[in-house]
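Visitor: As input, take target.txt (compact mmCIF, C-alpha atoms):
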```
# COMPACT_ATOMS: atom_id res chain seq x y z
CA MET A 771 17.44 -11.57 17.12
CA ASN A 772 15.06 -14.26 18.31
CA ARG A 773 12.23 -11.84 17.75
CA MET A 774 13.11 -11.60 14.08
CA TRP A 775 13.19 -15.38 13.70
CA ILE A 776 9.75 -15.72 15.28
CA ALA A 777 8.34 -13.33 12.70
CA LEU A 778 10.18 -15.02 9.84
CA ILE A 779 8.93 -18.45 10.83
CA ALA A 780 5.38 -17.10 11.15
CA VAL A 781 5.50 -15.67 7.61
CA LEU A 782 6.99 -18.87 6.20
CA ALA A 783 4.22 -20.83 7.88
CA LEU A 784 1.67 -18.52 6.28
CA ILE A 785 3.21 -19.26 2.88
CA ILE A 786 3.10 -23.00 3.47
CA ILE A 787 -0.60 -23.01 4.48
CA PRO A 788 -2.00 -22.13 1.02
CA TRP A 789 0.77 -24.15 -0.60
CA VAL A 790 -0.54 -27.27 1.11
CA GLY A 791 -4.17 -26.20 1.13
CA VAL A 792 -4.41 -25.50 -2.58
CA GLY A 793 -1.43 -27.36 -3.99
CA ALA A 794 -2.03 -30.62 -2.16
CA ALA A 795 -5.58 -30.55 -0.83
CA GLY A 796 -7.14 -28.51 -3.67
CA LEU A 797 -9.22 -26.29 -1.40
CA THR A 798 -9.62 -23.57 -4.03
CA LEU A 799 -13.05 -22.50 -2.82
CA LEU A 800 -11.80 -21.97 0.72
CA PHE A 801 -8.64 -20.11 -0.27
CA GLY A 802 -10.10 -18.32 -3.29
CA VAL A 803 -13.43 -17.17 -1.84
CA GLY A 804 -13.94 -18.11 1.81
CA ILE A 805 -10.79 -16.76 3.40
CA PRO A 806 -10.77 -13.50 1.39
CA TYR A 807 -14.37 -12.80 2.44
CA ILE A 808 -13.66 -13.52 6.10
CA ALA A 809 -10.53 -11.38 5.93
CA CYS A 810 -12.42 -8.48 4.35
CA LEU A 811 -15.09 -8.73 7.04
CA ILE A 812 -12.50 -8.62 9.83
CA PHE A 813 -10.73 -5.79 8.06
CA PHE A 814 -13.77 -3.55 7.68
CA VAL A 815 -15.30 -4.26 11.07
CA GLY A 816 -11.95 -3.91 12.85
CA PHE A 817 -11.00 -0.79 10.91
CA ILE A 818 -14.28 0.97 11.61
CA TYR A 819 -14.19 -0.10 15.26
CA ARG A 820 -10.72 1.38 15.73
CA ILE A 821 -11.67 4.62 13.97
CA VAL A 822 -14.86 5.01 15.99
CA SER A 823 -13.03 4.37 19.24
CA TRP A 824 -10.43 6.99 18.32
CA ALA A 825 -13.07 9.47 17.26
CA GLN A 826 -14.81 9.00 20.59
CA SER A 827 -11.78 9.50 22.77
CA PRO A 828 -11.75 13.00 24.23
CA VAL A 829 -8.97 15.46 23.50
CA PRO A 830 -9.24 17.85 26.45
CA PHE A 831 -5.87 19.51 26.12
CA HIS A 832 -4.26 21.80 23.63
CA ILE A 833 -1.24 19.68 22.72
CA PRO A 834 -0.01 20.26 19.17
CA THR A 835 3.70 19.54 18.72
CA ILE A 836 5.17 22.48 16.88
CA CYS A 837 8.54 23.94 16.01
CA GLY A 838 7.72 27.46 14.90
CA GLN A 839 6.54 30.78 16.22
CA GLN A 840 2.87 30.96 17.05
CA LYS A 841 0.80 33.87 15.77
CA SER A 842 0.55 36.52 18.41
CA LEU A 843 1.50 40.20 18.03
CA PRO A 844 1.58 41.65 14.54
CA TRP A 845 5.31 42.48 14.64
CA ILE A 846 6.31 38.94 15.59
CA LYS A 847 6.61 36.86 12.48
CA ALA A 848 4.39 33.81 12.79
CA ASN A 849 5.16 30.51 11.12
CA ASN A 850 1.89 29.13 9.83
CA ARG A 851 3.53 25.97 8.49
CA GLU A 852 5.41 24.84 11.57
CA SER A 853 2.92 26.23 14.03
CA PRO A 854 -0.37 26.49 12.19
CA HIS A 855 -2.84 28.99 13.54
CA SER A 856 -5.36 28.74 10.69
CA TYR A 857 -7.09 25.76 9.15
CA TRP A 858 -5.21 26.30 5.90
CA GLY A 859 -1.92 26.14 7.72
CA LEU A 860 -3.07 23.05 9.53
CA PHE A 861 -4.16 21.46 6.28
CA ALA A 862 -0.83 22.26 4.65
CA ARG A 863 1.18 20.88 7.55
CA MET A 864 -0.95 17.74 7.69
CA ALA A 865 -0.76 17.21 3.92
CA LEU A 866 3.02 17.56 3.92
CA GLU A 867 3.23 15.11 6.79
CA VAL A 868 0.90 12.53 5.26
CA LEU A 869 2.20 12.78 1.71
CA PHE A 870 5.89 13.43 2.30
CA PHE A 871 6.57 12.34 5.91
CA ARG A 872 8.06 15.69 6.73
CA SER A 873 8.69 14.90 10.38
CA LEU A 874 11.02 12.07 9.34
CA LEU A 875 13.20 14.61 7.59
CA ARG A 876 14.18 15.81 11.03
CA ASN A 877 15.20 12.35 12.07
CA ASP A 878 18.44 12.60 14.01
CA ARG A 879 20.94 9.97 14.87
CA ALA A 880 23.00 10.08 18.03
CA GLU A 881 26.15 8.02 17.92
CA LEU A 882 29.15 7.47 20.11
CA LYS A 883 32.18 8.05 17.97
CA GLN A 884 35.85 8.76 18.53
CA ARG A 885 36.39 7.78 22.12
CA GLN A 886 33.03 8.30 23.67
CA ARG A 887 32.14 11.55 21.98
CA LEU A 888 28.46 11.78 21.27
CA ILE A 889 27.87 12.93 17.72
CA TYR A 890 24.49 14.05 16.44
CA SER A 891 23.86 13.87 12.74
CA SER A 892 20.83 13.90 10.51
CA ASN A 893 19.65 10.60 9.18
CA ARG A 894 17.47 10.79 6.10
CA PHE A 895 17.51 7.11 5.23
CA LEU A 896 14.38 6.29 7.16
CA TRP A 897 12.58 9.12 5.38
CA ALA A 898 13.83 7.99 1.97
CA GLY A 899 13.02 4.33 2.58
CA GLY A 900 9.58 5.16 3.92
CA LEU A 901 8.81 7.45 1.03
CA LEU A 902 10.00 4.87 -1.49
CA PHE A 903 7.86 2.17 0.07
CA HIS A 904 4.66 4.13 0.65
CA TRP A 905 4.54 5.83 -2.73
CA SER A 906 5.27 2.59 -4.53
CA LEU A 907 2.57 0.92 -2.48
CA ILE A 908 -0.13 3.38 -3.45
CA ILE A 909 0.81 3.14 -7.14
CA VAL A 910 0.85 -0.66 -6.96
CA LEU A 911 -2.56 -0.66 -5.27
CA PHE A 912 -3.92 1.70 -7.90
CA ARG A 913 -2.61 -0.55 -10.67
CA HIS A 914 -4.39 -3.48 -9.04
CA LEU A 915 -7.71 -1.82 -9.83
CA ARG A 916 -7.37 -3.25 -13.33
CA PHE A 917 -8.34 -6.58 -11.80
CA PHE A 918 -11.39 -5.14 -10.09
CA THR A 919 -12.94 -2.91 -12.71
CA GLU A 920 -14.58 -3.83 -16.00
CA PRO A 921 -14.37 -1.77 -18.14
CA VAL A 922 -11.02 -0.82 -16.66
CA LEU A 923 -10.79 2.64 -15.13
CA PRO A 924 -9.34 5.11 -17.61
CA GLY A 925 -6.28 6.35 -15.65
CA ILE A 926 -4.81 2.91 -14.99
CA ALA A 927 -3.39 2.31 -18.46
CA PHE A 928 -1.51 5.60 -18.25
CA VAL A 929 0.00 4.72 -14.86
CA GLN A 930 0.91 1.24 -16.08
CA ASN A 931 2.70 2.57 -19.13
CA LEU A 932 4.52 5.18 -17.10
CA ASP A 933 5.48 2.58 -14.52
CA ALA A 934 6.81 0.24 -17.19
CA LEU A 935 8.60 3.09 -18.92
CA PHE A 936 11.92 1.30 -19.35
CA HIS A 937 10.42 -1.74 -21.13
CA VAL A 938 12.73 -4.09 -19.26
CA GLY A 939 11.77 -7.67 -20.00
CA LEU A 940 8.41 -8.98 -21.10
CA PRO A 941 6.01 -8.48 -19.38
CA ALA A 942 7.69 -5.21 -18.58
CA LEU A 943 9.20 -4.72 -15.16
CA TYR A 944 7.43 -2.03 -13.18
CA ILE A 945 9.59 0.65 -11.60
CA THR A 946 7.43 0.62 -8.49
CA ASP A 947 7.91 -3.14 -8.10
CA VAL A 948 11.64 -2.58 -7.80
CA ALA A 949 11.24 0.53 -5.65
CA ILE A 950 8.90 -1.14 -3.18
CA ILE A 951 11.33 -4.04 -2.69
CA VAL A 952 14.25 -1.64 -2.20
CA GLY A 953 12.25 0.43 0.29
CA LEU A 954 10.99 -2.57 2.23
CA SER A 955 14.43 -4.18 2.28
CA TYR A 956 15.90 -1.08 3.86
CA LEU A 957 13.10 -0.79 6.40
CA PHE A 958 13.65 -4.43 7.33
CA LEU A 959 17.44 -4.39 7.33
CA ARG A 960 17.65 -1.32 9.54
CA ARG A 961 15.85 -3.31 12.21
CA VAL A 962 18.34 -6.14 11.76
CA ILE A 963 21.63 -4.28 11.33
CA TYR A 964 21.50 -1.46 13.88
CA PRO A 965 21.79 -2.75 17.44
CA GLN A 966 19.61 0.05 18.82
CA MET A 967 16.85 -0.81 16.35
CA ARG A 968 17.22 -4.48 17.14
CA LEU A 969 16.76 -3.72 20.81
CA ILE A 970 13.48 -1.90 20.37
CA SER A 971 12.06 -4.09 17.59
CA LEU A 972 9.28 -6.48 18.50
CA PRO A 973 8.19 -9.58 16.60
CA SER A 974 5.22 -7.60 15.29
CA ASP A 975 7.59 -5.02 13.77
CA TYR A 976 9.39 -7.70 11.82
CA PHE A 977 6.21 -9.58 11.08
CA VAL A 978 4.40 -6.81 9.22
CA LEU A 979 7.51 -5.98 7.20
CA LEU A 980 8.16 -9.60 6.30
CA LEU A 981 4.50 -10.19 5.51
CA ILE A 982 4.39 -7.23 3.12
CA ILE A 983 7.68 -8.35 1.57
CA ALA A 984 6.15 -11.80 1.05
CA VAL A 985 3.06 -10.27 -0.55
CA VAL A 986 5.18 -8.17 -2.90
CA LEU A 987 7.52 -11.02 -3.81
CA SER A 988 4.65 -13.42 -4.50
CA GLY A 989 3.09 -10.80 -6.73
CA VAL A 990 6.26 -10.02 -8.62
CA LEU A 991 7.18 -13.69 -8.98
CA MET A 992 3.81 -14.59 -10.47
CA ARG A 993 4.04 -11.74 -12.92
CA HIS A 994 7.49 -12.60 -14.17
CA PHE A 995 8.39 -16.19 -13.34
CA PHE A 996 5.61 -18.49 -12.17
CA LYS A 997 2.88 -17.57 -14.59
CA ILE A 998 -0.73 -17.65 -13.58
CA ASP A 999 -3.92 -17.41 -15.58
CA ALA A 1000 -4.41 -13.69 -15.03
CA GLU A 1001 -7.68 -13.54 -16.95
CA LYS A 1002 -9.21 -16.11 -14.57
CA ALA A 1003 -7.78 -14.21 -11.62
CA LYS A 1004 -9.66 -11.15 -12.79
CA GLU A 1005 -12.87 -13.16 -13.20
CA LEU A 1006 -12.52 -14.27 -9.58
CA ALA A 1007 -11.70 -10.76 -8.37
CA LEU A 1008 -14.70 -9.26 -10.15
CA SER A 1009 -17.01 -11.96 -8.88
CA ILE A 1010 -15.85 -11.44 -5.30
CA ALA A 1011 -16.23 -7.68 -5.55
CA SER A 1012 -19.79 -8.00 -6.86
CA PHE A 1013 -20.74 -10.59 -4.17
CA ARG A 1014 -21.50 -13.26 -6.72
CA PRO A 1015 -18.48 -15.50 -6.22
CA VAL A 1016 -17.73 -18.07 -8.85
CA ILE A 1017 -15.95 -21.27 -7.98
CA PRO A 1018 -12.37 -20.54 -8.95
CA THR A 1019 -10.79 -22.85 -11.47
CA ALA A 1020 -7.15 -23.40 -12.30
CA ILE A 1021 -5.54 -20.02 -11.72
CA GLY A 1022 -2.19 -21.18 -10.42
CA LEU A 1023 -0.70 -21.81 -7.01
CA PRO A 1024 1.28 -18.52 -6.79
CA PHE A 1025 -1.98 -16.63 -7.07
CA TYR A 1026 -3.46 -18.43 -4.06
CA ILE A 1027 -0.33 -17.79 -2.01
CA HIS A 1028 -0.51 -14.10 -2.92
CA LEU A 1029 -4.22 -13.94 -2.14
CA PHE A 1030 -3.84 -15.76 1.17
CA LEU A 1031 -1.02 -13.48 2.32
CA VAL A 1032 -3.05 -10.42 1.37
CA SER A 1033 -6.03 -11.83 3.26
CA ILE A 1034 -3.91 -12.36 6.36
CA LEU A 1035 -2.51 -8.84 6.02
CA ALA A 1036 -6.00 -7.35 5.69
CA ALA A 1037 -7.36 -9.30 8.64
CA TYR A 1038 -4.36 -8.45 10.80
CA LEU A 1039 -4.19 -4.80 9.83
CA PRO A 1040 -6.80 -3.41 12.27
CA PHE A 1041 -4.91 -4.97 15.18
CA SER A 1042 -1.46 -3.94 14.06
CA LYS A 1043 0.80 -0.93 13.96
CA LEU A 1044 -0.24 -0.54 10.34
CA MET A 1045 -3.23 1.39 11.69
CA HIS A 1046 -0.86 4.38 11.62
CA ALA A 1047 -2.39 4.97 8.19
CA PRO A 1048 -5.70 6.30 9.54
CA GLY A 1049 -4.12 7.00 12.92
CA VAL A 1050 -2.03 9.91 11.69
CA PHE A 1051 -5.23 11.85 11.09
CA PHE A 1052 -6.33 11.23 14.65
CA SER A 1053 -3.20 12.30 16.47
CA PRO A 1054 -3.98 15.42 18.50
CA THR A 1055 -0.36 16.53 18.41
CA ARG A 1056 -0.80 17.04 14.67
CA ASN A 1057 -4.43 17.73 13.97
CA LEU A 1058 -4.86 20.66 16.35
CA LYS A 1059 -4.33 24.29 15.46
CA ASN A 1060 -1.80 26.09 17.62
CA ASP A 1061 -3.88 29.09 18.66
CA SER A 1062 -3.52 29.14 22.43
CA ARG A 1063 -2.63 32.86 22.36
CA ALA A 1064 -5.72 33.78 20.36
CA ARG A 1065 -8.23 31.50 21.99
CA ARG A 1066 -8.44 30.26 25.55
CA HIS A 1067 -8.60 26.50 25.77
CA ILE A 1068 -10.59 25.36 28.74
CA ASN A 1069 -10.46 21.79 29.80
CA PRO A 1070 -14.01 20.53 29.35
CA TRP A 1071 -13.43 18.19 32.26
CA SER A 1072 -12.82 21.09 34.65
CA TYR A 1073 -15.44 21.16 37.36
CA PRO A 1074 -16.04 24.14 39.67
CA VAL A 1075 -13.40 23.88 42.37
CA LYS A 1076 -14.26 25.19 45.84
CA VAL A 1077 -11.67 27.87 46.53
CA HIS A 1078 -10.87 29.98 49.53
CA THR A 1079 -9.95 33.48 48.29
CA TYR A 1080 -7.72 35.88 50.18
CA GLU A 1081 -10.65 38.20 50.85
CA GLU A 1082 -12.52 35.37 52.52
CA TYR A 1083 -9.38 34.40 54.41
CA GLU A 1084 -8.93 37.94 55.67
CA ASP A 1085 -12.59 38.16 56.67
CA GLU A 1086 -12.12 35.00 58.67
CA PHE A 1087 -8.89 35.94 60.44
CA ARG A 1088 -8.98 39.76 60.45
CA GLU A 1089 -9.08 40.14 64.20
CA ALA A 1090 -6.32 37.64 64.80
CA MET A 1091 -4.16 39.26 62.12
CA LYS A 1092 -4.61 42.70 63.63
CA GLU A 1093 -3.69 41.33 67.01
CA ALA A 1094 -0.53 39.84 65.61
CA GLY A 1095 0.31 43.10 63.88
CA LEU A 1096 -0.05 41.77 60.34
CA PRO A 1097 -1.16 44.22 57.64
CA VAL A 1098 -4.71 43.80 56.40
CA GLU A 1099 -6.28 45.19 53.26
CA LYS A 1100 -9.67 46.07 54.72
CA GLU A 1101 -9.91 47.69 58.10
CA MET B 1110 -14.58 1.42 -4.65
CA PRO B 1111 -14.26 -1.83 -6.67
CA ILE B 1112 -17.53 -2.93 -5.11
CA TRP B 1113 -19.48 0.13 -6.26
CA TYR B 1114 -17.90 -0.03 -9.67
CA GLY B 1115 -18.87 -3.67 -9.98
CA TRP B 1116 -22.47 -2.88 -9.12
CA LEU B 1117 -22.66 -0.06 -11.62
CA ASN B 1118 -21.30 -2.21 -14.42
CA ARG B 1119 -23.02 -5.49 -13.78
CA SER B 1120 -23.82 -6.03 -17.42
CA ALA B 1121 -20.17 -5.81 -18.35
CA GLU B 1122 -19.23 -8.83 -16.28
CA GLY B 1123 -18.25 -12.22 -17.52
CA ALA B 1124 -15.17 -13.55 -19.14
CA PRO B 1125 -14.26 -12.34 -22.60
CA LYS B 1126 -15.37 -14.70 -25.36
CA LEU B 1127 -12.66 -15.52 -27.82
CA GLU B 1128 -13.34 -16.40 -31.41
CA LEU B 1129 -11.36 -19.52 -32.13
CA PRO B 1130 -10.07 -20.21 -35.59
CA PRO B 1131 -12.30 -22.59 -37.55
CA GLY B 1132 -10.81 -25.90 -38.51
CA GLU B 1133 -7.86 -25.80 -36.15
CA LYS B 1134 -8.23 -27.76 -32.91
CA GLU B 1135 -5.01 -27.19 -31.08
CA CYS B 1136 -2.53 -24.37 -30.72
CA VAL B 1137 1.24 -24.64 -30.69
CA GLU B 1138 1.13 -25.68 -27.06
CA SER B 1139 -1.68 -26.69 -24.71
CA THR B 1140 -4.48 -24.23 -24.02
CA GLN B 1141 -3.48 -23.92 -20.37
CA TYR B 1142 0.11 -23.12 -21.32
CA MET B 1143 -0.99 -20.60 -23.92
CA ARG B 1144 -3.34 -18.90 -21.45
CA THR B 1145 -0.62 -18.35 -18.90
CA SER B 1146 2.57 -18.11 -20.92
CA HIS B 1147 1.94 -17.10 -24.55
CA VAL B 1148 3.96 -13.99 -23.71
CA ASP B 1149 7.00 -16.09 -22.88
CA LEU B 1150 6.51 -18.26 -25.94
CA LEU B 1151 6.31 -15.34 -28.34
CA ASN B 1152 9.18 -13.58 -26.62
CA ASN B 1153 11.30 -16.73 -26.95
CA TRP B 1154 10.37 -17.00 -30.58
CA LYS B 1155 11.37 -13.43 -31.20
CA GLU B 1156 14.73 -13.84 -29.54
CA THR B 1157 15.48 -17.21 -31.16
CA VAL B 1158 14.69 -15.84 -34.60
CA VAL B 1159 16.42 -12.51 -34.22
CA ARG B 1160 19.49 -13.61 -32.29
CA ASP B 1161 20.07 -17.22 -33.42
CA GLY B 1162 18.41 -17.12 -36.83
CA LYS B 1163 16.51 -20.34 -36.13
CA ARG B 1164 12.97 -20.40 -37.43
CA THR B 1165 11.72 -23.85 -36.51
CA TYR B 1166 9.98 -24.48 -33.22
CA VAL B 1167 9.44 -27.99 -31.92
CA SER B 1168 6.51 -28.08 -29.58
CA SER B 1169 6.22 -30.30 -26.53
CA THR B 1170 4.11 -32.72 -28.60
CA GLY B 1171 6.87 -32.98 -31.22
CA LYS B 1172 5.18 -30.97 -33.94
CA GLU B 1173 7.22 -28.47 -35.91
CA TYR B 1174 6.15 -24.88 -36.45
CA THR B 1175 7.68 -21.90 -38.17
CA MET B 1176 8.40 -19.24 -35.60
CA SER B 1177 6.58 -16.19 -36.90
CA LEU B 1178 3.84 -14.15 -35.35
CA THR B 1179 2.56 -12.77 -38.62
CA ASN B 1180 3.02 -15.82 -40.82
CA THR B 1181 2.14 -18.60 -38.40
CA CYS B 1182 -0.13 -17.33 -35.62
CA ILE B 1183 -1.99 -14.66 -37.52
CA THR B 1184 -2.09 -15.90 -41.09
CA GLN B 1185 -2.82 -19.53 -40.30
CA CYS B 1186 -5.23 -19.18 -37.36
CA HIS B 1187 -5.91 -16.02 -35.41
CA SER B 1188 -6.69 -13.71 -38.27
CA ASN B 1189 -9.06 -11.48 -36.35
CA LYS B 1190 -7.13 -9.45 -33.81
CA ALA B 1191 -10.18 -7.62 -32.49
CA LYS B 1192 -12.03 -10.84 -31.68
CA PHE B 1193 -9.11 -12.81 -30.33
CA CYS B 1194 -6.08 -10.90 -29.05
CA ASP B 1195 -7.81 -7.70 -28.09
CA ARG B 1196 -10.67 -9.31 -26.18
CA CYS B 1197 -8.39 -10.52 -23.40
CA HIS B 1198 -5.85 -7.73 -23.64
CA ASP B 1199 -8.56 -5.10 -23.23
CA TYR B 1200 -10.14 -7.07 -20.41
CA MET B 1201 -6.79 -7.22 -18.60
CA ASN B 1202 -5.84 -3.70 -19.61
CA VAL B 1203 -2.56 -4.71 -21.20
CA GLN B 1204 -1.14 -3.05 -24.27
CA PRO B 1205 1.49 -5.36 -25.70
CA TRP B 1206 3.90 -3.64 -28.02
CA CYS B 1207 3.87 -6.56 -30.48
CA TRP B 1208 1.79 -4.45 -32.81
CA ASP B 1209 4.29 -1.64 -32.90
CA CYS B 1210 6.13 -3.76 -35.50
CA HIS B 1211 3.94 -6.68 -36.52
CA ASN B 1212 0.93 -6.10 -38.69
CA PHE B 1213 -2.26 -7.88 -39.49
CA PRO B 1214 -2.28 -8.61 -43.20
CA LYS B 1215 -6.05 -8.95 -43.42
CA GLU B 1216 -6.77 -5.71 -41.64
CA ALA B 1217 -5.67 -3.20 -44.19
CA GLY B 1218 -4.76 0.16 -42.87
CA LYS B 1219 -4.02 -1.04 -39.36
```
Mind turning this structure into structure tokens?

Guide:
Amino acid sequence: MNRMWIALIAVLALIIIPWVGVGAAGLTLLFGVGIPYIACLIFFVGFIYRIVSWAQSPVPFHIPTICGQQKSLPWIKANNRESPHSYWGLFARMALEVLFFRSLLRNDRAELKQRQRLIYSSNRFLWAGGLLFHWSLIIVLFRHLRFFTEPVLPGIAFVQNLDALFHVGLPALYITDVAIIVGLSYLFLRRVIYPQMRLISLPSDYFVLLLIIAVVLSGVLMRHFFKIDAEKAKELALSIASFRPVIPTAIGLPFYIHLFLVSILAAYLPFSKLMHAPGVFFSPTRNLKNDSRARRHINPWSYPVKVHTYEEYEDEFREAMKEAGLPVEKE
Amino acid sequence: MPIWYGWLNRSAEGAPKLELPPGEKECVESTQYMRTSHVDLLNNWKETVVRDGKRTYVSSTGKEYTMSLTNTCITQCHSNKAKFCDRCHDYMNVQPWCWDCHNFPKEAGK
């Protein structure tokens, strides 16, 4: 439990920093322009560095994890989805994994119930919570493009209207805002409630979840409760994106808290477990075709090994073998 | 992506310029409050009028206003929707549904 408190205190500290920095000290230039730029720099350099280092690491072995029949003889039915032997099958399996987290559907739970009997059951909550969070996240990020594009990209208005379909409140509550909080809450609570999860959770696990929750809450709060000057926020966002930063004026404290937390998240992301986003594409257990019966995979690291064949052995010991009465192949 | 888009549309940058009503110096509340919270104000007005039947708003400076989007805001000051409301709303990509019911008297046909 201590590990959770460490993460919680760290996130609270990160909220207090811009609160004091902007609210009390008025460092709007630092928090509005300086820190976001530094964070973006760390993000891009770190992200590219990680990708390049992954791309350079050799994959000598044929190690896809599969759960279906590989293509072999024509009368054995092959499963191209679970054990892809073509690039289309690979693409389909990868797309289903990336877009719908298919492997989490197979998530099992082992529990001791009824006097030490081990019960296995399927557990779809992680899949559902993950799906809820990630899909909401991508829609929320897409909606944010309205702050970074002028004229605003055409598709955004449609997504906004669809997202605010229920017209709850004014400004309308977005469905994804609710969904992302529900998803994140579950992902966080499962690490707090279940003892097994608590055991294997590290401060960094709690930290990223709490940091994203803080980002989401600061965003939702400034939309609905602590109003900011959104038009000025867009001016700042556009000026940053075009590398001609303006000195930010009174936008509102919640905006700076939101921006600072996002900056921290972006700067921390290349060093964190959140790199699973690009990492899933680089995992050899998923991005390899399973074609070991059609194509021989030779370890590129194999060097010619000096071997002593039986023929050579017999040549060497033929006389001794004959003497001992052992059979030989060549007389 | 936002970076490329910004470079391609450099001419489009800059804050929207609003056409302020001639003659009138101050709005119902301070400019800063109106910039951030005119949504809340109008929403409050709507609910006070529709639910409580009260039509008089006392601003923080003590002035009294009639709570009406069409008769107060639009008729008395912001008569040009395209050059006032829409400038910011288009910039921020928001489509308030005020205009589903309220109309602009001076813009016939809209």

Visitor: In Å, how far is it from CA of Asp1199 (chain B) to CA of Ala1003 (chain A)?

Guide: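 Straight-line distance from CA of Asp1199 (chain B) to CA of Ala1003 (chain A) works out to 14.8 Å.
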
Visitor: Out of B:Gly1171, B:Pro1130, B:Pro1205, B:Gly1162, which residue has the shortest atom-to-atom distance to Thr1184 (chain B) when counting only C-alpha atoms?

Guide: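 Among the listed residues, the smallest separation from Thr1184 (chain B) belongs to B:Pro1130.
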
Visitor: Tell me, as a PDB file with C-alpha atoms, in the frame of the given file, which residues lie within 9 Å of Asp933 (chain A), counting all atoms listed in the file; anything in the same chain fewer than 6 positions away does not count.

Guide:
```pdb
ATOM      1  CA  ILE A 909       0.810   3.140  -7.140  1.00  0.00           C
ATOM      2  CA  LEU A 943       9.200  -4.720 -15.160  1.00  0.00           C
ATOM      3  CA  TYR A 944       7.430  -2.030 -13.180  1.00  0.00           C
ATOM      4  CA  ILE A 945       9.590   0.650 -11.600  1.00  0.00           C
ATOM      5  CA  THR A 946       7.430   0.620  -8.490  1.00  0.00           C
ATOM      6  CA  ASP A 947       7.910  -3.140  -8.100  1.00  0.00           C
TER       7      ASP A 947
END
```

Visitor: Can you check which residues of chain A have any atom within 8 Å of chain B? Use all atoms listed in the file and format it as a list in words.

Guide: Leu915, Arg916, Phe917, Phe918, Thr919, Glu920, Pro921, Val922, Ala927, Leu940, Pro941, Lys997, Ile998, Asp999, Ala1000, Glu1001, Lys1002, Lys1004, Glu1005, Leu1008, Ala1011 and Ser1012 of chain A

Visitor: Can you tell me, as a ChimeraX atom specification, which residues sit within 8 Å of (9.6, -22.6, -33.6) in the file's frame, using only C-alpha atoms?

Guide: /B:1154,1163-1168,1173-1177

Visitor: Rounded to one decimal in Å, what is the spacing between CA of Val792 (chain A) and CA of Leu1029 (chain A)?

Guide: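 Between CA of Val792 (chain A) and CA of Leu1029 (chain A) the gap is 11.6 Å.
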
Visitor: Counting only C-alpha atoms, which residues have an atom no more than 8 Å from (0.8, -31.4, -26.2) in the file's coordinates? Please list them as a list in words.

Guide: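 Residues found, by chain and rising number: Glu1138, Ser1139, Ser1168, Ser1169 and Thr1170 of chain B.
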
Visitor: What gap, in Å, lies between CA of Ala865 (chain A) and CA of Pro1048 (chain A)?

Guide: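 Distance reported for this atom pair: 13.2 Å.
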
Visitor: Mind checking which residues fall within 10 Å of Val781 (chain A), counting all atoms listed in the file, ignoring those fewer than 6 positions away in the same chain, and posting them as a PyMOL selection string?

Guide: chain A and resi 775+976-984+1031

Visitor: With C-alpha atoms retained, could you export that selection as a short mmCIF file (atom, residue, chain, number, x, y, z; two decimals), in the coordinates of the input?

Guide:
```cif
data_model
loop_
_atom_site.label_atom_id
_atom_site.label_comp_id
_atom_site.auth_asym_id
_atom_site.auth_seq_id
_atom_site.Cartn_x
_atom_site.Cartn_y
_atom_site.Cartn_z
CA TRP A 775 13.19 -15.38 13.70
CA TYR A 976 9.39 -7.70 11.82
CA PHE A 977 6.21 -9.58 11.08
CA VAL A 978 4.40 -6.81 9.22
CA LEU A 979 7.51 -5.98 7.20
CA LEU A 980 8.16 -9.60 6.30
CA LEU A 981 4.50 -10.19 5.51
CA ILE A 982 4.39 -7.23 3.12
CA ILE A 983 7.68 -8.35 1.57
CA ALA A 984 6.15 -11.80 1.05
CA LEU A 1031 -1.02 -13.48 2.32
#
```

Visitor: Of the residues A:Gly989, A:Pro1040, A:Gly939, A:Pro1074, which is the one nearest to Ile1027 (chain A), using only C-alpha atoms?

Guide: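 Selected residue with least distance to Ile1027 (chain A): A:Gly989.
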
Visitor: Tell me which protein, DNA and RNA residues are within 10 Å of region 783-791 of chain A, counting all atoms listed in the file, leaving out same-chain ones fewer than 5 positions away, and put them as number ranges by chain.

Guide: A: 777-778, 796-798, 800-802, 981, 984-985, 988, 1023-1031, 1034

Visitor: Excluding Ile950 (chain A) and any residue of its chain fewer than 3 positions from it, enumerate the residues within 9 Å of it, using only C-alpha atoms, and give them as a ChimeraX atom specification.

Guide: /A:899,902-907,910,945-947,953-955,983,986

Visitor: Would you kindly return, as a ChimeraX atom specification, each protein, DNA or RNA residue with an atom no farther than 10 Å from any atom of Leu1178 (chain B), considering only C-alpha atoms and excluding same-chain residues fewer than 5 positions away?

Guide: /B:1151,1154-1155,1183-1185,1187,1207,1211-1213
